[in-house]
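Worksheet for the structure shown next.
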Amino acid sequence: MDTIVACSTASGPALRAIVRLSGPRSAEIAERVRTQPATLQTFRRPRSATGEDVAELHVPGIPPLVARLVEDCLAAGARMAGPGEFTRRALANGRLDPAQAEAVAALVHARDEAERRGALAVLRGELSVLVDGLRERLLDLVVRAEAEIDFVEEDLGADIDLQGPIAEVREAIAGLLAGWRRRAASTETARVVLCGRANVGKSSLWNRLTQ
């Protein structure tokens, strides 16, 4: 596995910026290119953000300085990270589950506070906890159903009620799906075309529709 590098903070001037490396040579490369204003933090696998050895260089958020630091890392043997590659490695190494990996992209592209909060909730694992809980309930129902079948000739008391718990799980799943559809619909971009000859009122109609 090679070592990748990228600036992990927003582009443009800022108080601080972080250049992140992930891979077996992360600490070695970071030590080699570290300059006076840089602070180095290292995180050992498998408990790092990506599940690999990770090194972060914290520097003043001056774009030319950040760009030069990334170039130095590339010259020292790192490879430029592709879009979403840190997240992909975290997914491959079990540091994120698929829902959390999708939440990273949703967080990056969030258009308002509600979308940001929703993405953060999934990223923190709240959705995964709900899904795992439903899975455990279904497995428990399977065990109870198999016990009823295997010991049908024995007196186990009252019949096991499966319909009620199954209905509850179905309702919970339907709620999750409905919430996902609402979030998906809210992020879809509508494309509208107003077509007509010049000076027939297209702009006036558009302004009226959009208030």
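Residue numbering restarts at 1 in every chain; chains get A, B, ... in the order shown in the structure tokens, and ligands count up from 1 in that same order.
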
Taking only residues of region 23-75 of chain A that have an atom at most 10 Å from an atom of region 91-97 of chain A, what is each one's shortest atom pair and its distance in Å to one decimal, using only C-alpha atoms, in chain and number order, as CSV?
residue,atom,partner,partner_atom,distance
A:Arg45,CA,A:Asn93,CA,9.8
A:Pro46,CA,A:Asn93,CA,8.1
A:Arg47,CA,A:Arg95,CA,8.0
A:Ser48,CA,A:Arg95,CA,8.1
A:Ala49,CA,A:Arg95,CA,6.7
A:Thr50,CA,A:Arg95,CA,6.3
A:Gly51,CA,A:Asn93,CA,5.4
A:Glu52,CA,A:Asn93,CA,7.9

Write the residues of the preceding selection, restricted to N, CA and C atoms, as a PDB file, in the first residue's frame.
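Printed below is again.pdb as written:
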ATOM      1  N   ARG A  45      -1.667   2.847  13.112  1.00  0.00           N
ATOM      2  CA  ARG A  45      -2.721   1.897  12.764  1.00  0.00           C
ATOM      3  C   ARG A  45      -2.863   0.877  13.895  1.00  0.00           C
ATOM      4  N   PRO A  46      -4.003   0.257  14.085  1.00  0.00           N
ATOM      5  CA  PRO A  46      -5.209   0.393  13.264  1.00  0.00           C
ATOM      6  C   PRO A  46      -6.226   1.383  13.826  1.00  0.00           C
ATOM      7  N   ARG A  47      -5.824   2.223  14.767  1.00  0.00           N
ATOM      8  CA  ARG A  47      -6.783   3.078  15.465  1.00  0.00           C
ATOM      9  C   ARG A  47      -6.770   4.511  14.936  1.00  0.00           C
ATOM     10  N   SER A  48      -6.208   4.702  13.761  1.00  0.00           N
ATOM     11  CA  SER A  48      -6.210   6.032  13.153  1.00  0.00           C
ATOM     12  C   SER A  48      -7.502   6.235  12.360  1.00  0.00           C
ATOM     13  N   ALA A  49      -7.626   7.398  11.761  1.00  0.00           N
ATOM     14  CA  ALA A  49      -8.850   7.712  11.004  1.00  0.00           C
ATOM     15  C   ALA A  49      -9.035   6.785   9.813  1.00  0.00           C
ATOM     16  N   THR A  50      -7.949   6.370   9.174  1.00  0.00           N
ATOM     17  CA  THR A  50      -8.045   5.514   7.994  1.00  0.00           C
ATOM     18  C   THR A  50      -7.741   4.052   8.284  1.00  0.00           C
ATOM     19  N   GLY A  51      -7.307   3.752   9.508  1.00  0.00           N
ATOM     20  CA  GLY A  51      -6.898   2.395   9.821  1.00  0.00           C
ATOM     21  C   GLY A  51      -5.466   2.105   9.426  1.00  0.00           C
ATOM     22  N   GLU A  52      -4.783   3.105   8.844  1.00  0.00           N
ATOM     23  CA  GLU A  52      -3.377   2.991   8.479  1.00  0.00           C
ATOM     24  C   GLU A  52      -2.565   3.953   9.347  1.00  0.00           C
TER      25      GLU A  52
END

Write out as a ChimeraX atom specification each polymer residue whose atoms come within 10 Å of Leu74 (chain A), counting only C-alpha atoms; drop sequence neighbours fewer than 4 positions from it. /A:3-6,29,33,68-70,78-80

Can those selected residues be exported to a file as an mmCIF file, in the first residue's frame so that it contains C-alpha atoms?
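Ended up saving to part-v7.cif:
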data_model
loop_
_atom_site.group_PDB
_atom_site.id
_atom_site.type_symbol
_atom_site.label_atom_id
_atom_site.label_comp_id
_atom_site.auth_asym_id
_atom_site.auth_seq_id
_atom_site.Cartn_x
_atom_site.Cartn_y
_atom_site.Cartn_z
ATOM 1 C CA THR A 3 1.321 6.566 1.046
ATOM 2 C CA ILE A 4 -1.075 9.308 -0.024
ATOM 3 C CA VAL A 5 -1.147 13.005 0.821
ATOM 4 C CA ALA A 6 -3.576 15.906 0.516
ATOM 5 C CA ILE A 29 7.793 11.519 4.956
ATOM 6 C CA VAL A 33 9.453 17.640 5.010
ATOM 7 C CA ARG A 68 4.718 23.775 -1.144
ATOM 8 C CA LEU A 69 4.355 21.325 1.753
ATOM 9 C CA VAL A 70 2.205 19.006 -0.368
ATOM 10 C CA ALA A 78 3.974 10.195 -1.350
ATOM 11 C CA ARG A 79 1.230 10.115 -3.963
ATOM 12 C CA MET A 80 -1.519 12.701 -4.335
#

Atomic separation - CA of Gly133 (chain A) relative to CA of Ile166 (chain A), Å: 13.4 Å

DSSP alpha helix (DSSP H) residues within region 53-150 of chain A, as a ChimeraX atom specification: /A:63-75,85-92,98-108,113-123,126-150

Any chance you could export the current selection's C-alpha atoms as a short mmCIF file (atom, residue, chain, number, x, y, z; two decimals), in the first residue's frame?
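Wrote out-v5.cif, looks like this:
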data_model
loop_
_atom_site.label_atom_id
_atom_site.label_comp_id
_atom_site.auth_asym_id
_atom_site.auth_seq_id
_atom_site.Cartn_x
_atom_site.Cartn_y
_atom_site.Cartn_z
CA PRO A 63 -2.08 28.68 0.42
CA PRO A 64 1.47 28.90 -1.04
CA LEU A 65 2.90 27.34 2.13
CA VAL A 66 0.37 24.52 2.06
CA ALA A 67 0.94 23.89 -1.65
CA ARG A 68 4.72 23.78 -1.14
CA LEU A 69 4.36 21.33 1.75
CA VAL A 70 2.20 19.01 -0.37
CA GLU A 71 4.75 19.23 -3.21
CA ASP A 72 7.54 18.35 -0.78
CA CYS A 73 5.59 15.29 0.38
CA LEU A 74 5.13 14.20 -3.24
CA ALA A 75 8.85 14.66 -3.90
CA GLU A 85 -9.45 8.22 -1.07
CA PHE A 86 -8.94 8.80 2.66
CA THR A 87 -12.59 7.84 3.19
CA ARG A 88 -12.25 4.80 0.90
CA ARG A 89 -9.28 3.55 2.90
CA ALA A 90 -11.16 4.09 6.16
CA LEU A 91 -14.05 2.04 4.74
CA ALA A 92 -11.75 -0.74 3.52
CA PRO A 98 -20.86 2.20 4.24
CA ALA A 99 -23.46 4.55 5.73
CA GLN A 100 -20.76 6.62 7.44
CA ALA A 101 -18.71 6.75 4.23
CA GLU A 102 -21.71 8.16 2.35
CA ALA A 103 -22.25 10.63 5.18
CA VAL A 104 -18.78 12.07 4.60
CA ALA A 105 -19.78 13.05 1.06
CA ALA A 106 -23.14 14.33 2.29
CA LEU A 107 -21.40 16.48 4.89
CA VAL A 108 -19.04 17.96 2.30
CA GLU A 113 -27.72 23.40 8.70
CA ALA A 114 -30.36 20.66 8.55
CA GLU A 115 -28.39 18.68 5.96
CA ARG A 116 -25.20 19.20 7.97
CA ARG A 117 -26.83 17.88 11.17
CA GLY A 118 -28.27 14.89 9.34
CA ALA A 119 -24.92 13.98 7.80
CA LEU A 120 -23.15 14.36 11.16
CA ALA A 121 -25.67 12.09 12.85
CA VAL A 122 -25.01 9.34 10.29
CA LEU A 123 -21.26 9.93 10.48
CA GLU A 126 -26.50 6.79 14.78
CA LEU A 127 -28.00 5.20 11.65
CA SER A 128 -25.74 2.18 11.95
CA VAL A 129 -26.80 1.69 15.57
CA LEU A 130 -30.47 1.73 14.54
CA VAL A 131 -29.89 -0.71 11.68
CA ASP A 132 -27.84 -3.06 13.88
CA GLY A 133 -30.61 -2.97 16.49
CA LEU A 134 -33.24 -3.93 13.91
CA ARG A 135 -31.00 -6.72 12.64
CA GLU A 136 -30.62 -8.12 16.15
CA ARG A 137 -34.39 -8.02 16.66
CA LEU A 138 -34.94 -9.91 13.39
CA LEU A 139 -32.34 -12.53 14.33
CA ASP A 140 -34.07 -12.97 17.68
CA LEU A 141 -37.39 -13.50 15.90
CA VAL A 142 -35.78 -16.09 13.62
CA VAL A 143 -34.48 -17.99 16.66
CA ARG A 144 -37.90 -17.90 18.28
CA ALA A 145 -39.58 -19.08 15.06
CA GLU A 146 -37.10 -21.94 14.65
CA ALA A 147 -37.66 -22.98 18.26
CA GLU A 148 -41.42 -23.07 17.68
CA ILE A 149 -40.92 -25.28 14.61
CA ASP A 150 -38.33 -27.61 16.14
#

Write out as a list in words the residues lying within 12 Å of Leu205 (chain A), counting only C-alpha atoms and excluding same-chain residues fewer than 4 positions away. Val193, Leu194, Cys195, Gly196, Asn199, Val200, Gly201, Leu209, Thr210 and Gln211 of chain A

Best match for closeness to Arg34 (chain A) among A:Ala172, A:Thr9, A:Gly82, A:Ala76, counting only C-alpha atoms: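 Of all the options, A:Ala76 lies closest to Arg34 (chain A).
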
Record the distance separating CA of Gly61 (chain A) and CA of Asp2 (chain A), expressed in Å with one decimal.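 Calculated distance between CA of Gly61 (chain A) and CA of Asp2 (chain A) is 26.5 Å.
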
Tell me, as an NGL selection string, which residues lie within 9 Å of Phe43 (chain A), counting only C-alpha atoms; anything in the same chain fewer than 6 positions away does not count. :A and (27 or 49 or 52-56)

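Secondary structure from DSSP on the backbone puts strand (DSSP E or B) at the following positions of region 15-97 of chain A: Leu15, Arg16, Ala17, Ile18, Val19, Arg20, Leu21, Ser22, Thr39, Leu40, Gln41, Thr42, Phe43, Val54, Ala55, Glu56, Leu57, His58, Val59, Pro60, Gly61, Arg79 and Met80 of chain A.
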
Interatomic distance, CA of Val19 (chain A) to CA of His58 (chain A) (Å, one decimal):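 We find that CA of Val19 (chain A) and CA of His58 (chain A) lie 6.6 Å from each other.
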